[in-house]
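*Asks:* Handing you this structure, nothing more for now.
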Amino acid sequence: RRGWKCRGDQPALAKGSISFVDPADDVCAFVRRHGNEQILCVFNLGAREASIEFDGAKPVSIPGHGFAGVSADGAIRLGGYDAWFGRIA
């Protein structure tokens with residue numbers, strides 16, 4: 001439920017265009033854009049921990065989505081079957 005509320009609070013998640021990022025293995029990632037806002041959505045579809053790095057991008061986590069993924073030093077780290085949502089600065 002927290003994830004659905006977070007989606008409603010972010011216009012880019014509800015109305016934005018979508019472009020997929022090409023990460024590796026069991027990670028699915030895409031950027032939603034609406035106006036000047038860009039939100040990066042990253043999902044680990046596998047049971048093992050995963051991380052993805054973004055050269056030059058500084059993703060900033062959006063609180064309140066209910067998942068445990070974290071971002072630090074341009075990388076996003078996810079547990080198994082985890083997700084992360086954040087703005088691209």
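Ordering of the structure tokens sets the chain letters (A, B, ...), residue numbers begin anew at 1 in every chain, and ligands are numbered from 1 in the order given.
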Residues within 7 Å of Ile76 (chain A), please, as a PyMOL selection string. Count only C-alpha atoms; anything in the same chain fewer than 2 positions from it doesn't count.
*Replies:* chain A and resi 51-53+69-72+74+78
*Asks:* Check region 9-77 of chain A with DSSP on the backbone and list each residue it calls strand (DSSP E or B), as a count of residues only.
*Replies:* 34
*Asks:* Write out as a ChimeraX atom specification each polymer residue whose atoms come within 10 Å of region 25-31 of chain A, counting only C-alpha atoms; drop sequence neighbours fewer than 4 positions from it.
*Replies:* /A:12-13,16-21,37-52,78,80-88
*Asks:* Residues of chain A classed as helix (DSSP H, G or I) by DSSP on the backbone are to be reported as number ranges by chain.
*Replies:* A: 2-9, 11-15
